[in-house]
Amino acid sequence: MCKILRMLHRYPHGVEVHKDNAELALVIHFTFQGNNGIAFLKGTLKQDEKITNISRKNYFNFNKKGELYHLKSISTVTSPADNSSAEEVARYLPRFYLQQGLKFDFSLYPAGWAGYIFSTGYVPSFYCSRS
C-alpha cells in the first residue's frame with residue numbers, strides 16, 4: 001500500500017486539488033496483488049460551502065511492462081459514509097476511479113528507498129511514500 005502525495009501542493013495525508021471554487025482533499029491507497037488491485041479513496045469535497053464525504057473502493061485489473069502500469073477498472077463500491085456524487089467528483093479525478101471498464105495508465109519510478117514517483121506523462125504527478 002502507498003499514500004499518494006501531490007508533489008507541488010502537499011496535503012498532510014494525501015492529495016489536495018483546488019479548482020474553481022472547490023477543494024478536494026483525498027487519501028488514495030493502492031494495493032496490487034497478482035494482476036488485480038484496489039484503490040481506496042477517502043476524503044472530502046468542498047464546493048463553496050457544501051462539504052461531502054468520499055469513501056469508495058475502485059477494483060481494477062492491471063498488467064505491468066517495465067515501469068508502465070496499464071489499469072482497467074472492474075467496479076467501484078461506494079460505502080454508506082460516501083455522500084458525494086460521482087459526477088461532482090469526476091470534475092477533479094479521472095473517471096477511472098468512478099466507473100467500470102475505463103483504462104488508466106501511469107509510470108512508477110523508484111525514488112530512493114522511501115517511495116516512488118507516479119507519472120501520467122512527462123511531468124511527475126504524485127509522490128508515493130512507503131507506509
# chains A, B, ... in the order shown; residues from 1 in each chain; ligands from 1

call {"tool": "residues_around", "arguments": {"residues": "Ser73 (chain A)", "least_positions_apart": "3", "cutoff": "10 Å", "atoms": "only C-alpha atoms", "output": "ChimeraX atom specification"}}
result
/A:36-39,58-62,76,95-104

call {"tool": "select_by_dssp", "arguments": {"residues": "chain A", "states": "strand (DSSP E)", "output": "PDB file with C-alpha atoms, in the first residue's frame"}}
result
ATOM      1  CA  CYS A   2       1.114   3.549  -0.522  1.00  0.00           C
ATOM      2  CA  LYS A   3      -0.068   7.036   0.234  1.00  0.00           C
ATOM      3  CA  ILE A   4      -0.209   9.379  -2.720  1.00  0.00           C
ATOM      4  CA  LEU A   5       1.025  12.914  -2.088  1.00  0.00           C
ATOM      5  CA  ARG A   6       0.611  15.726  -4.587  1.00  0.00           C
ATOM      6  CA  ARG A  10       1.166  18.939  -0.390  1.00  0.00           C
ATOM      7  CA  TYR A  11      -1.707  17.913   1.843  1.00  0.00           C
ATOM      8  CA  GLY A  14      -2.973  12.784   0.615  1.00  0.00           C
ATOM      9  CA  VAL A  15      -3.955  14.701  -2.488  1.00  0.00           C
ATOM     10  CA  GLU A  16      -5.300  18.216  -2.376  1.00  0.00           C
ATOM     11  CA  VAL A  17      -6.865  19.586  -5.571  1.00  0.00           C
ATOM     12  CA  HIS A  18      -8.062  23.189  -5.948  1.00  0.00           C
ATOM     13  CA  LYS A  19     -10.227  24.011  -8.946  1.00  0.00           C
ATOM     14  CA  ALA A  22     -13.853  23.679  -4.919  1.00  0.00           C
ATOM     15  CA  GLU A  23     -11.310  21.786  -2.828  1.00  0.00           C
ATOM     16  CA  LEU A  24     -10.809  18.029  -2.940  1.00  0.00           C
ATOM     17  CA  ALA A  25      -8.797  16.575  -0.025  1.00  0.00           C
ATOM     18  CA  LEU A  26      -8.267  12.876  -0.586  1.00  0.00           C
ATOM     19  CA  VAL A  27      -6.128   9.945   0.549  1.00  0.00           C
ATOM     20  CA  ILE A  28      -5.651   7.207  -2.030  1.00  0.00           C
ATOM     21  CA  HIS A  29      -4.182   3.840  -1.032  1.00  0.00           C
ATOM     22  CA  PHE A  30      -3.265   1.409  -3.815  1.00  0.00           C
ATOM     23  CA  THR A  31      -2.949  -2.329  -3.238  1.00  0.00           C
ATOM     24  CA  PHE A  32      -1.518  -4.525  -6.023  1.00  0.00           C
ATOM     25  CA  GLN A  33      -1.673  -8.325  -5.882  1.00  0.00           C
ATOM     26  CA  ASN A  36      -5.561  -7.318  -9.559  1.00  0.00           C
ATOM     27  CA  GLY A  37      -5.668  -4.225  -7.412  1.00  0.00           C
ATOM     28  CA  ILE A  38      -7.787  -1.927  -5.307  1.00  0.00           C
ATOM     29  CA  ALA A  39      -7.619   1.849  -4.937  1.00  0.00           C
ATOM     30  CA  PHE A  40      -9.134   3.015  -1.637  1.00  0.00           C
ATOM     31  CA  LEU A  41     -10.337   6.644  -1.796  1.00  0.00           C
ATOM     32  CA  LYS A  42     -11.255   8.552   1.358  1.00  0.00           C
ATOM     33  CA  GLY A  43     -11.656  12.275   1.853  1.00  0.00           C
ATOM     34  CA  THR A  44     -13.869  15.311   1.375  1.00  0.00           C
ATOM     35  CA  LEU A  45     -15.036  17.529  -1.437  1.00  0.00           C
ATOM     36  CA  LYS A  46     -15.825  21.124  -0.550  1.00  0.00           C
ATOM     37  CA  GLN A  47     -17.720  23.141  -3.164  1.00  0.00           C
ATOM     38  CA  LYS A  50     -21.155  22.407   0.717  1.00  0.00           C
ATOM     39  CA  ILE A  51     -18.930  19.582   2.061  1.00  0.00           C
ATOM     40  CA  THR A  52     -19.457  15.948   1.041  1.00  0.00           C
ATOM     41  CA  ASN A  53     -17.599  12.789   2.031  1.00  0.00           C
ATOM     42  CA  ILE A  54     -15.826  10.446  -0.377  1.00  0.00           C
ATOM     43  CA  SER A  55     -15.360   6.834   0.724  1.00  0.00           C
ATOM     44  CA  ARG A  56     -15.112   4.262  -2.058  1.00  0.00           C
ATOM     45  CA  LYS A  57     -13.102   1.351  -3.391  1.00  0.00           C
ATOM     46  CA  ASN A  58     -12.122   1.012  -7.032  1.00  0.00           C
ATOM     47  CA  TYR A  59     -11.301  -2.553  -8.096  1.00  0.00           C
ATOM     48  CA  PHE A  60      -9.140  -2.999 -11.184  1.00  0.00           C
ATOM     49  CA  ASN A  61      -7.086  -5.419 -13.266  1.00  0.00           C
ATOM     50  CA  PHE A  62      -3.630  -4.408 -14.377  1.00  0.00           C
ATOM     51  CA  ASN A  63      -0.580  -5.509 -16.261  1.00  0.00           C
ATOM     52  CA  LYS A  64       2.906  -4.123 -15.908  1.00  0.00           C
ATOM     53  CA  LYS A  65       5.559  -3.626 -18.569  1.00  0.00           C
ATOM     54  CA  LEU A  68       4.431   1.278 -17.077  1.00  0.00           C
ATOM     55  CA  TYR A  69       1.194   0.101 -15.453  1.00  0.00           C
ATOM     56  CA  HIS A  70      -1.938  -0.447 -17.561  1.00  0.00           C
ATOM     57  CA  LEU A  71      -5.044  -0.488 -15.333  1.00  0.00           C
ATOM     58  CA  LYS A  72      -8.666  -1.239 -16.243  1.00  0.00           C
ATOM     59  CA  SER A  73     -11.410  -0.594 -13.703  1.00  0.00           C
ATOM     60  CA  ILE A  74     -13.686  -3.520 -12.835  1.00  0.00           C
ATOM     61  CA  SER A  75     -16.073  -1.939 -10.333  1.00  0.00           C
ATOM     62  CA  THR A  76     -16.496   0.837  -7.826  1.00  0.00           C
ATOM     63  CA  VAL A  77     -18.053   0.262  -4.426  1.00  0.00           C
ATOM     64  CA  THR A  78     -19.337   3.271  -2.522  1.00  0.00           C
ATOM     65  CA  LYS A 103      -8.438   2.467 -18.579  1.00  0.00           C
ATOM     66  CA  PHE A 104      -5.733   4.404 -16.756  1.00  0.00           C
ATOM     67  CA  ASP A 105      -2.004   4.260 -17.479  1.00  0.00           C
ATOM     68  CA  PHE A 106       0.857   5.545 -15.344  1.00  0.00           C
ATOM     69  CA  SER A 107       4.560   5.020 -14.828  1.00  0.00           C
ATOM     70  CA  LEU A 108       6.067   4.272 -11.446  1.00  0.00           C
ATOM     71  CA  TYR A 109       9.721   5.127 -10.784  1.00  0.00           C
ATOM     72  CA  PRO A 110      11.686   4.399  -7.593  1.00  0.00           C
ATOM     73  CA  GLY A 115       8.943   5.762  -2.119  1.00  0.00           C
ATOM     74  CA  TYR A 116       8.012   6.107  -5.776  1.00  0.00           C
ATOM     75  CA  ILE A 117       7.150   8.805  -8.287  1.00  0.00           C
ATOM     76  CA  PHE A 118       3.862   8.392 -10.202  1.00  0.00           C
ATOM     77  CA  SER A 119       3.766   9.929 -13.666  1.00  0.00           C
ATOM     78  CA  PRO A 124       5.633  13.701 -12.314  1.00  0.00           C
ATOM     79  CA  SER A 125       2.121  13.637 -10.877  1.00  0.00           C
ATOM     80  CA  PHE A 126       2.462  12.227  -7.353  1.00  0.00           C
ATOM     81  CA  TYR A 127       4.946  11.012  -4.794  1.00  0.00           C
ATOM     82  CA  CYS A 128       4.084   7.671  -3.198  1.00  0.00           C
ATOM     83  CA  SER A 129       5.643   7.042   0.217  1.00  0.00           C
ATOM     84  CA  ARG A 130       6.051   3.626   1.780  1.00  0.00           C
TER      85      ARG A 130
END

call {"tool": "atom_distance", "arguments": {"atom1": "CA of Asp48 (chain A)", "atom2": "CA of Ala86 (chain A)"}}
result
17.5 Å

call {"tool": "select_by_dssp", "arguments": {"residues": "region 84-126 of chain A", "states": "alpha helix (DSSP H)", "output": "number ranges by chain"}}
result
A: 86-89

call {"tool": "write_last_selection", "arguments": {"atoms": "N, CA and C atoms", "output": "PDB file, in the first residue's frame"}}
result
ATOM      1  N   ALA A  86     -20.877  11.046  -8.053  1.00  0.00           N
ATOM      2  CA  ALA A  86     -19.785  10.656  -8.953  1.00  0.00           C
ATOM      3  C   ALA A  86     -19.529  11.750  -9.987  1.00  0.00           C
ATOM      4  N   GLU A  87     -20.558  12.411 -10.435  1.00  0.00           N
ATOM      5  CA  GLU A  87     -20.392  13.490 -11.423  1.00  0.00           C
ATOM      6  C   GLU A  87     -19.600  14.657 -10.836  1.00  0.00           C
ATOM      7  N   GLU A  88     -19.858  14.994  -9.588  1.00  0.00           N
ATOM      8  CA  GLU A  88     -19.103  16.078  -8.947  1.00  0.00           C
ATOM      9  C   GLU A  88     -17.639  15.687  -8.771  1.00  0.00           C
ATOM     10  N   VAL A  89     -17.389  14.480  -8.306  1.00  0.00           N
ATOM     11  CA  VAL A  89     -16.026  14.011  -8.079  1.00  0.00           C
ATOM     12  C   VAL A  89     -15.269  13.899  -9.408  1.00  0.00           C
TER      13      VAL A  89
END

call {"tool": "atom_distance", "arguments": {"atom1": "CA of Arg91 (chain A)", "atom2": "CA of Thr120 (chain A)"}}
result
17.6 Å

call {"tool": "atom_distance", "arguments": {"atom1": "CA of Tyr92 (chain A)", "atom2": "CA of Ser79 (chain A)"}}
result
19.5 Å
